[in-house]
file final-v6.cif (mmCIF, N, CA and C atoms)
data_structure
#
loop_
_atom_site.label_atom_id
_atom_site.label_comp_id
_atom_site.auth_asym_id
_atom_site.auth_seq_id
_atom_site.Cartn_x
_atom_site.Cartn_y
_atom_site.Cartn_z
N MET A 1 149.44 74.86 226.18
CA MET A 1 150.33 73.73 226.26
C MET A 1 151.38 73.88 225.17
N ASN A 2 152.62 73.72 225.56
CA ASN A 2 153.73 73.77 224.60
C ASN A 2 154.08 72.37 224.16
N ALA A 3 154.39 72.20 222.88
CA ALA A 3 154.85 70.92 222.34
C ALA A 3 156.26 71.10 221.81
N VAL A 4 157.10 70.11 222.12
CA VAL A 4 158.49 70.12 221.67
C VAL A 4 158.83 68.72 221.14
N TYR A 5 159.92 68.64 220.39
CA TYR A 5 160.39 67.35 219.90
C TYR A 5 161.44 66.80 220.86
N ALA A 6 161.37 65.50 221.14
CA ALA A 6 162.38 64.84 221.96
C ALA A 6 163.72 64.88 221.23
N VAL A 7 164.79 64.86 222.01
CA VAL A 7 166.14 64.86 221.47
C VAL A 7 166.84 63.60 221.99
N CYS A 8 167.40 62.81 221.07
CA CYS A 8 168.13 61.60 221.45
C CYS A 8 169.50 61.98 222.01
N ILE A 9 170.12 61.04 222.65
CA ILE A 9 171.40 61.28 223.31
C ILE A 9 172.47 61.76 222.32
N ASN A 10 172.33 61.37 221.04
CA ASN A 10 173.30 61.80 220.03
C ASN A 10 172.94 63.16 219.42
N GLY A 11 171.88 63.79 219.94
CA GLY A 11 171.50 65.13 219.47
C GLY A 11 170.50 65.15 218.33
N THR A 12 170.13 63.99 217.80
CA THR A 12 169.13 63.95 216.73
C THR A 12 167.74 64.05 217.31
N SER A 13 166.77 64.39 216.47
CA SER A 13 165.38 64.50 216.89
C SER A 13 164.50 63.77 215.87
N PRO A 14 164.20 62.48 216.12
CA PRO A 14 163.41 61.71 215.16
C PRO A 14 162.06 62.32 214.82
N GLY A 15 161.39 62.92 215.79
CA GLY A 15 160.09 63.55 215.53
C GLY A 15 160.22 64.72 214.58
N SER A 16 161.20 65.56 214.83
CA SER A 16 161.44 66.71 213.96
C SER A 16 161.85 66.27 212.56
N ASP A 17 162.71 65.25 212.49
CA ASP A 17 163.15 64.74 211.19
C ASP A 17 161.97 64.19 210.39
N TYR A 18 161.09 63.45 211.06
CA TYR A 18 159.92 62.89 210.39
C TYR A 18 159.01 64.01 209.88
N TYR A 19 158.73 64.97 210.76
CA TYR A 19 157.86 66.08 210.39
C TYR A 19 158.43 66.86 209.20
N THR A 20 159.72 67.14 209.23
CA THR A 20 160.37 67.90 208.16
C THR A 20 160.25 67.20 206.81
N ALA A 21 160.26 65.88 206.81
CA ALA A 21 160.18 65.11 205.56
C ALA A 21 158.77 65.01 204.99
N LEU A 22 157.75 65.39 205.76
CA LEU A 22 156.36 65.30 205.27
C LEU A 22 156.10 66.34 204.19
N ASP A 23 155.09 66.07 203.35
CA ASP A 23 154.71 67.07 202.36
C ASP A 23 153.91 68.18 203.05
N GLU A 24 153.73 69.27 202.36
CA GLU A 24 153.10 70.45 202.96
C GLU A 24 151.66 70.20 203.40
N THR A 25 150.94 69.35 202.69
CA THR A 25 149.56 69.03 203.07
C THR A 25 149.52 68.33 204.42
N ASP A 26 150.38 67.33 204.60
CA ASP A 26 150.41 66.61 205.86
C ASP A 26 150.90 67.50 207.00
N LYS A 27 151.88 68.35 206.71
CA LYS A 27 152.35 69.29 207.74
C LYS A 27 151.21 70.21 208.18
N ALA A 28 150.42 70.69 207.23
CA ALA A 28 149.31 71.58 207.56
C ALA A 28 148.29 70.88 208.47
N LYS A 29 148.01 69.61 208.19
CA LYS A 29 147.06 68.86 209.02
C LYS A 29 147.60 68.70 210.44
N LEU A 30 148.88 68.36 210.56
CA LEU A 30 149.47 68.22 211.89
C LEU A 30 149.56 69.56 212.60
N ASN A 31 149.90 70.61 211.86
CA ASN A 31 149.97 71.94 212.47
C ASN A 31 148.63 72.34 213.07
N ALA A 32 147.54 71.98 212.41
CA ALA A 32 146.21 72.28 212.94
C ALA A 32 145.98 71.55 214.26
N LEU A 33 146.44 70.30 214.35
CA LEU A 33 146.31 69.55 215.60
C LEU A 33 147.20 70.14 216.69
N PHE A 34 148.43 70.50 216.34
CA PHE A 34 149.34 71.10 217.32
C PHE A 34 148.77 72.42 217.83
N ALA A 35 148.21 73.22 216.93
CA ALA A 35 147.63 74.51 217.33
C ALA A 35 146.43 74.30 218.26
N ARG A 36 145.58 73.33 217.94
CA ARG A 36 144.42 73.05 218.79
C ARG A 36 144.87 72.63 220.19
N MET A 37 145.90 71.80 220.26
CA MET A 37 146.42 71.37 221.56
C MET A 37 147.01 72.56 222.31
N ALA A 38 147.74 73.41 221.62
CA ALA A 38 148.36 74.58 222.26
C ALA A 38 147.30 75.54 222.80
N GLU A 39 146.24 75.75 222.04
CA GLU A 39 145.20 76.70 222.44
C GLU A 39 144.28 76.17 223.52
N HIS A 40 143.93 74.89 223.44
CA HIS A 40 142.91 74.34 224.33
C HIS A 40 143.45 73.36 225.37
N GLY A 41 144.67 72.86 225.17
CA GLY A 41 145.26 71.92 226.11
C GLY A 41 144.69 70.52 226.02
N VAL A 42 143.80 70.30 225.06
CA VAL A 42 143.19 68.98 224.89
C VAL A 42 142.60 68.89 223.48
N ILE A 43 142.59 67.67 222.96
CA ILE A 43 141.87 67.36 221.72
C ILE A 43 140.94 66.22 222.07
N LYS A 44 139.67 66.46 222.06
CA LYS A 44 138.69 65.46 222.50
C LYS A 44 138.37 64.43 221.43
N ASN A 45 138.68 64.72 220.18
CA ASN A 45 138.40 63.81 219.07
C ASN A 45 139.47 62.71 219.04
N GLU A 46 139.09 61.49 219.44
CA GLU A 46 140.05 60.39 219.50
C GLU A 46 140.54 59.93 218.14
N THR A 47 139.92 60.37 217.07
CA THR A 47 140.46 60.05 215.75
C THR A 47 141.63 60.95 215.40
N LYS A 48 141.88 61.97 216.23
CA LYS A 48 142.99 62.91 216.00
C LYS A 48 144.06 62.87 217.10
N PHE A 49 143.67 62.47 218.32
CA PHE A 49 144.60 62.43 219.44
C PHE A 49 144.05 61.47 220.47
N LYS A 50 144.86 60.50 220.89
CA LYS A 50 144.37 59.56 221.91
C LYS A 50 145.52 58.91 222.66
N LYS A 51 145.17 58.34 223.81
CA LYS A 51 146.14 57.60 224.62
C LYS A 51 146.42 56.27 223.94
N ILE A 52 147.69 55.87 223.96
CA ILE A 52 148.06 54.56 223.42
C ILE A 52 147.83 53.55 224.54
N THR A 53 146.91 52.66 224.35
CA THR A 53 146.49 51.69 225.36
C THR A 53 147.68 50.94 225.96
N GLY A 54 147.69 50.88 227.30
CA GLY A 54 148.71 50.13 228.00
C GLY A 54 150.05 50.85 228.16
N THR A 55 150.08 52.13 227.82
CA THR A 55 151.32 52.90 227.93
C THR A 55 151.04 54.26 228.56
N GLU A 56 152.11 55.03 228.76
CA GLU A 56 151.98 56.41 229.22
C GLU A 56 151.99 57.38 228.04
N PHE A 57 151.97 56.86 226.83
CA PHE A 57 152.06 57.68 225.63
C PHE A 57 150.69 58.00 225.04
N PHE A 58 150.67 59.09 224.29
CA PHE A 58 149.52 59.50 223.50
C PHE A 58 150.01 59.58 222.06
N GLU A 59 149.09 59.79 221.11
CA GLU A 59 149.52 59.95 219.73
C GLU A 59 148.66 60.97 219.01
N PHE A 60 149.34 61.84 218.25
CA PHE A 60 148.67 62.68 217.28
C PHE A 60 148.42 61.79 216.07
N LYS A 61 147.22 61.92 215.46
CA LYS A 61 146.84 61.06 214.35
C LYS A 61 146.29 61.89 213.20
N SER A 62 146.80 61.64 212.03
CA SER A 62 146.27 62.23 210.81
C SER A 62 146.33 61.16 209.73
N HIS A 63 145.22 60.52 209.47
CA HIS A 63 145.13 59.38 208.56
C HIS A 63 146.12 58.32 209.01
N GLN A 64 147.11 57.95 208.20
CA GLN A 64 148.07 56.93 208.61
C GLN A 64 149.25 57.50 209.39
N ILE A 65 149.37 58.80 209.47
CA ILE A 65 150.48 59.42 210.18
C ILE A 65 150.23 59.37 211.68
N ARG A 66 151.24 58.92 212.42
CA ARG A 66 151.19 58.87 213.87
C ARG A 66 152.43 59.56 214.43
N MET A 67 152.22 60.35 215.49
CA MET A 67 153.33 60.99 216.19
C MET A 67 153.14 60.78 217.69
N PRO A 68 153.78 59.73 218.24
CA PRO A 68 153.67 59.47 219.68
C PRO A 68 154.26 60.61 220.51
N CYS A 69 153.69 60.80 221.70
CA CYS A 69 154.16 61.87 222.57
C CYS A 69 153.84 61.51 224.02
N TYR A 70 154.39 62.31 224.93
CA TYR A 70 154.12 62.12 226.36
C TYR A 70 154.12 63.48 227.03
N TYR A 71 153.48 63.52 228.19
CA TYR A 71 153.39 64.76 228.96
C TYR A 71 154.53 64.85 229.96
N VAL A 72 155.04 66.05 230.14
CA VAL A 72 155.99 66.38 231.19
C VAL A 72 155.29 67.41 232.07
N PRO A 73 155.32 67.23 233.39
CA PRO A 73 154.66 68.20 234.27
C PRO A 73 155.09 69.63 233.92
N GLY A 74 154.14 70.53 233.98
CA GLY A 74 154.41 71.92 233.62
C GLY A 74 153.85 72.25 232.25
N ARG A 75 152.87 71.46 231.81
CA ARG A 75 152.17 71.71 230.55
C ARG A 75 153.09 71.65 229.34
N LEU A 76 153.90 70.60 229.27
CA LEU A 76 154.79 70.38 228.14
C LEU A 76 154.47 69.02 227.54
N LEU A 77 154.34 68.97 226.23
CA LEU A 77 154.08 67.75 225.50
C LEU A 77 155.30 67.47 224.63
N VAL A 78 155.90 66.30 224.79
CA VAL A 78 157.13 65.96 224.06
C VAL A 78 156.80 64.91 223.01
N ILE A 79 157.06 65.24 221.75
CA ILE A 79 156.80 64.34 220.62
C ILE A 79 158.06 63.51 220.38
N THR A 80 157.92 62.18 220.42
CA THR A 80 159.10 61.32 220.30
C THR A 80 159.54 61.09 218.87
N HIS A 81 158.61 60.71 218.00
CA HIS A 81 158.96 60.38 216.62
C HIS A 81 157.68 60.31 215.81
N GLY A 82 157.79 59.97 214.56
CA GLY A 82 156.63 59.80 213.71
C GLY A 82 156.78 58.57 212.85
N PHE A 83 155.66 58.04 212.40
CA PHE A 83 155.68 56.88 211.51
C PHE A 83 154.33 56.77 210.81
N ASN A 84 154.30 55.95 209.76
CA ASN A 84 153.05 55.67 209.06
C ASN A 84 152.51 54.34 209.57
N LYS A 85 151.34 54.39 210.15
CA LYS A 85 150.69 53.20 210.71
C LYS A 85 149.82 52.58 209.63
N LYS A 86 150.01 51.29 209.38
CA LYS A 86 149.28 50.63 208.31
C LYS A 86 148.29 49.59 208.80
N THR A 87 148.26 49.35 210.12
CA THR A 87 147.32 48.38 210.68
C THR A 87 146.52 49.05 211.79
N ASP A 88 145.49 48.36 212.26
CA ASP A 88 144.68 48.91 213.34
C ASP A 88 145.42 48.90 214.68
N ARG A 89 146.29 47.94 214.88
CA ARG A 89 147.01 47.82 216.15
C ARG A 89 148.29 48.64 216.12
N MET A 90 148.64 49.18 217.28
CA MET A 90 149.90 49.92 217.42
C MET A 90 151.05 48.92 217.39
N PRO A 91 151.98 49.07 216.46
CA PRO A 91 153.11 48.13 216.42
C PRO A 91 153.95 48.21 217.70
N PRO A 92 154.21 47.08 218.35
CA PRO A 92 155.02 47.08 219.58
C PRO A 92 156.39 47.72 219.37
N ALA A 93 156.96 47.60 218.19
CA ALA A 93 158.27 48.20 217.92
C ALA A 93 158.20 49.71 218.02
N GLU A 94 157.08 50.31 217.65
CA GLU A 94 156.93 51.77 217.73
C GLU A 94 156.78 52.23 219.18
N ILE A 95 156.12 51.41 219.99
CA ILE A 95 156.02 51.73 221.43
C ILE A 95 157.41 51.64 222.06
N ALA A 96 158.14 50.59 221.72
CA ALA A 96 159.50 50.43 222.25
C ALA A 96 160.39 51.60 221.80
N ARG A 97 160.22 52.03 220.57
CA ARG A 97 161.00 53.16 220.06
C ARG A 97 160.66 54.43 220.83
N ALA A 98 159.38 54.68 221.08
CA ALA A 98 158.97 55.86 221.85
C ALA A 98 159.56 55.81 223.26
N GLU A 99 159.55 54.63 223.88
CA GLU A 99 160.13 54.49 225.23
C GLU A 99 161.63 54.77 225.21
N ARG A 100 162.33 54.25 224.19
CA ARG A 100 163.78 54.49 224.08
C ARG A 100 164.07 55.97 223.89
N ILE A 101 163.32 56.62 223.01
CA ILE A 101 163.53 58.04 222.75
C ILE A 101 163.23 58.86 224.00
N ARG A 102 162.20 58.47 224.74
CA ARG A 102 161.88 59.18 225.98
C ARG A 102 163.05 59.10 226.97
N ARG A 103 163.61 57.88 227.13
CA ARG A 103 164.77 57.71 228.02
C ARG A 103 165.95 58.56 227.55
N GLU A 104 166.22 58.51 226.25
CA GLU A 104 167.35 59.27 225.71
C GLU A 104 167.13 60.77 225.86
N ASP A 105 165.91 61.23 225.69
CA ASP A 105 165.60 62.64 225.86
C ASP A 105 165.90 63.08 227.29
N ALA A 106 165.51 62.26 228.26
CA ALA A 106 165.78 62.58 229.67
C ALA A 106 167.29 62.61 229.93
N GLU A 107 168.02 61.63 229.37
CA GLU A 107 169.48 61.60 229.52
C GLU A 107 170.13 62.81 228.87
N TYR A 108 169.67 63.14 227.67
CA TYR A 108 170.25 64.28 226.94
C TYR A 108 170.11 65.56 227.75
N PHE A 109 168.90 65.83 228.23
CA PHE A 109 168.68 67.09 228.95
C PHE A 109 169.28 67.07 230.35
N ALA A 110 169.41 65.89 230.95
CA ALA A 110 170.11 65.80 232.23
C ALA A 110 171.59 66.14 232.04
N SER A 111 172.15 65.74 230.91
CA SER A 111 173.57 66.01 230.63
C SER A 111 173.83 67.48 230.31
N GLN A 112 172.77 68.23 230.02
CA GLN A 112 172.91 69.64 229.69
C GLN A 112 172.99 70.53 230.92
N GLY A 113 172.74 69.95 232.10
CA GLY A 113 172.84 70.70 233.35
C GLY A 113 171.66 71.64 233.56
N ASP A 114 171.91 72.71 234.31
CA ASP A 114 170.87 73.65 234.73
C ASP A 114 170.18 74.33 233.55
N THR A 115 170.81 74.43 232.42
CA THR A 115 170.21 75.14 231.29
C THR A 115 168.98 74.43 230.75
N ALA A 116 168.81 73.16 231.09
CA ALA A 116 167.69 72.40 230.54
C ALA A 116 166.75 71.87 231.61
N LYS A 117 166.79 72.39 232.81
CA LYS A 117 165.95 71.88 233.90
C LYS A 117 164.47 71.92 233.57
N TRP A 118 164.05 72.87 232.77
CA TRP A 118 162.63 72.99 232.45
C TRP A 118 162.10 71.80 231.69
N ARG A 119 162.96 71.04 231.04
CA ARG A 119 162.50 69.90 230.24
C ARG A 119 162.20 68.66 231.08
N ASN A 120 162.98 68.41 232.15
CA ASN A 120 162.80 67.16 232.89
C ASN A 120 162.62 67.41 234.36
#

call {"tool": "encode", "arguments": {"input": "final-v6.cif", "output": "structure tokens"}}
result
Amino acid sequence: MNAVYAVCINGTSPGSDYYTALDETDKAKLNALFARMAEHGVIKNETKFKKITGTEFFEFKSHQIRMPCYYVPGRLLVITHGFNKKTDRMPPAEIARAERIRREDAEYFASQGDTAKWRN
């Protein structure tokens, strides 16, 4: 399974920006999760990866770090953004943000024409 970062209509990538700003320890923890997903196509440990209830999104989890994502047919996982979760419940604003980024990612790659058909 390949994982990529979503791209907003203005060309920014909130997931990539969040990941880049993390310290090396947190990056290493997330890299281990990304590698496990790439190698096995699934992470069965719900403390590390799970579906966000009531949505089409999933999330990579490392302590308070969350990186929402969604599947695109063809074994592609698109990471929308990242944030630090401080409560047990998923903040509705973060779900709305993931939905907005998903829409913008589809618009961005649709505007790129045939060169980006593999994404959407």

call {"tool": "atom_distance", "arguments": {"input": "final-v6.cif", "atom1": "CA of Asn31 (chain A)", "atom2": "atom C of Met1 (chain A)"}}
result
12.9 Å

call {"tool": "atom_distance", "arguments": {"input": "final-v6.cif", "atom1": "CA of Ser13 (chain A)", "atom2": "CA of Ile101 (chain A)"}}
result
8.9 Å

call {"tool": "closest_residue", "arguments": {"input": "final-v6.cif", "among": "A:Ala21, A:Ala6, A:Leu30, A:Ile95", "to": "Ser62 (chain A)", "atoms": "only N, CA and C atoms"}}
result
A:Leu30

call {"tool": "resolve_selection", "arguments": {"input": "final-v6.cif", "expression": "the PyMOL selection byres ((chain A and resi 60) around 6.5)", "output": "PDB file with N, CA and C atoms, in the frame of the given file"}}
result
ATOM      1  N   LYS A  48     141.880  61.970 216.230  1.00  0.00           N
ATOM      2  CA  LYS A  48     142.990  62.910 216.000  1.00  0.00           C
ATOM      3  C   LYS A  48     144.060  62.870 217.100  1.00  0.00           C
ATOM      4  N   PHE A  49     143.670  62.470 218.320  1.00  0.00           N
ATOM      5  CA  PHE A  49     144.600  62.430 219.440  1.00  0.00           C
ATOM      6  C   PHE A  49     144.050  61.470 220.470  1.00  0.00           C
ATOM      7  N   LYS A  50     144.860  60.500 220.890  1.00  0.00           N
ATOM      8  CA  LYS A  50     144.370  59.560 221.910  1.00  0.00           C
ATOM      9  C   LYS A  50     145.520  58.910 222.660  1.00  0.00           C
ATOM     10  N   PHE A  58     150.670  59.090 224.290  1.00  0.00           N
ATOM     11  CA  PHE A  58     149.520  59.500 223.500  1.00  0.00           C
ATOM     12  C   PHE A  58     150.010  59.580 222.060  1.00  0.00           C
ATOM     13  N   GLU A  59     149.090  59.790 221.110  1.00  0.00           N
ATOM     14  CA  GLU A  59     149.520  59.950 219.730  1.00  0.00           C
ATOM     15  C   GLU A  59     148.660  60.970 219.010  1.00  0.00           C
ATOM     16  N   LYS A  61     147.220  61.920 215.460  1.00  0.00           N
ATOM     17  CA  LYS A  61     146.840  61.060 214.350  1.00  0.00           C
ATOM     18  C   LYS A  61     146.290  61.890 213.200  1.00  0.00           C
ATOM     19  N   SER A  62     146.800  61.640 212.030  1.00  0.00           N
ATOM     20  CA  SER A  62     146.270  62.230 210.810  1.00  0.00           C
ATOM     21  C   SER A  62     146.330  61.160 209.730  1.00  0.00           C
ATOM     22  N   ILE A  65     149.370  58.800 209.470  1.00  0.00           N
ATOM     23  CA  ILE A  65     150.480  59.420 210.180  1.00  0.00           C
ATOM     24  C   ILE A  65     150.230  59.370 211.680  1.00  0.00           C
ATOM     25  N   ARG A  66     151.240  58.920 212.420  1.00  0.00           N
ATOM     26  CA  ARG A  66     151.190  58.870 213.870  1.00  0.00           C
ATOM     27  C   ARG A  66     152.430  59.560 214.430  1.00  0.00           C
ATOM     28  N   MET A  67     152.220  60.350 215.490  1.00  0.00           N
ATOM     29  CA  MET A  67     153.330  60.990 216.190  1.00  0.00           C
ATOM     30  C   MET A  67     153.140  60.780 217.690  1.00  0.00           C
ATOM     31  N   PRO A  68     153.780  59.730 218.240  1.00  0.00           N
ATOM     32  CA  PRO A  68     153.670  59.470 219.680  1.00  0.00           C
ATOM     33  C   PRO A  68     154.260  60.610 220.510  1.00  0.00           C
ATOM     34  N   CYS A  69     153.690  60.800 221.700  1.00  0.00           N
ATOM     35  CA  CYS A  69     154.160  61.870 222.570  1.00  0.00           C
ATOM     36  C   CYS A  69     153.840  61.510 224.020  1.00  0.00           C
TER      37      CYS A  69
END

call {"tool": "residues_around", "arguments": {"input": "final-v6.cif", "residues": "Leu77 (chain A)", "least_positions_apart": "3", "cutoff": "8 Å", "atoms": "only N, CA and C atoms", "output": "mmCIF file with N, CA and C atoms, keeping the file's coordinate frame"}}
result
data_model
loop_
_atom_site.group_PDB
_atom_site.id
_atom_site.type_symbol
_atom_site.label_atom_id
_atom_site.label_comp_id
_atom_site.auth_asym_id
_atom_site.auth_seq_id
_atom_site.Cartn_x
_atom_site.Cartn_y
_atom_site.Cartn_z
ATOM 1 N N MET A 1 149.440 74.860 226.180
ATOM 2 C CA MET A 1 150.330 73.730 226.260
ATOM 3 C C MET A 1 151.380 73.880 225.170
ATOM 4 N N ASN A 2 152.620 73.720 225.560
ATOM 5 C CA ASN A 2 153.730 73.770 224.600
ATOM 6 C C ASN A 2 154.080 72.370 224.160
ATOM 7 N N ALA A 3 154.390 72.200 222.880
ATOM 8 C CA ALA A 3 154.850 70.920 222.340
ATOM 9 C C ALA A 3 156.260 71.100 221.810
ATOM 10 N N VAL A 4 157.100 70.110 222.120
ATOM 11 C CA VAL A 4 158.490 70.120 221.670
ATOM 12 C C VAL A 4 158.830 68.720 221.140
ATOM 13 N N TYR A 5 159.920 68.640 220.390
ATOM 14 C CA TYR A 5 160.390 67.350 219.900
ATOM 15 C C TYR A 5 161.440 66.800 220.860
ATOM 16 N N ALA A 6 161.370 65.500 221.140
ATOM 17 C CA ALA A 6 162.380 64.840 221.960
ATOM 18 C C ALA A 6 163.720 64.880 221.230
ATOM 19 N N CYS A 69 153.690 60.800 221.700
ATOM 20 C CA CYS A 69 154.160 61.870 222.570
ATOM 21 C C CYS A 69 153.840 61.510 224.020
ATOM 22 N N TYR A 70 154.390 62.310 224.930
ATOM 23 C CA TYR A 70 154.120 62.120 226.360
ATOM 24 C C TYR A 70 154.120 63.480 227.030
ATOM 25 N N TYR A 71 153.480 63.520 228.190
ATOM 26 C CA TYR A 71 153.390 64.760 228.960
ATOM 27 C C TYR A 71 154.530 64.850 229.960
ATOM 28 N N VAL A 72 155.040 66.050 230.140
ATOM 29 C CA VAL A 72 155.990 66.380 231.190
ATOM 30 C C VAL A 72 155.290 67.410 232.070
ATOM 31 N N PRO A 73 155.320 67.230 233.390
ATOM 32 C CA PRO A 73 154.660 68.200 234.270
ATOM 33 C C PRO A 73 155.090 69.630 233.920
ATOM 34 N N GLY A 74 154.140 70.530 233.980
ATOM 35 C CA GLY A 74 154.410 71.920 233.620
ATOM 36 C C GLY A 74 153.850 72.250 232.250
ATOM 37 N N THR A 80 157.920 62.180 220.420
ATOM 38 C CA THR A 80 159.100 61.320 220.300
ATOM 39 C C THR A 80 159.540 61.090 218.870
#
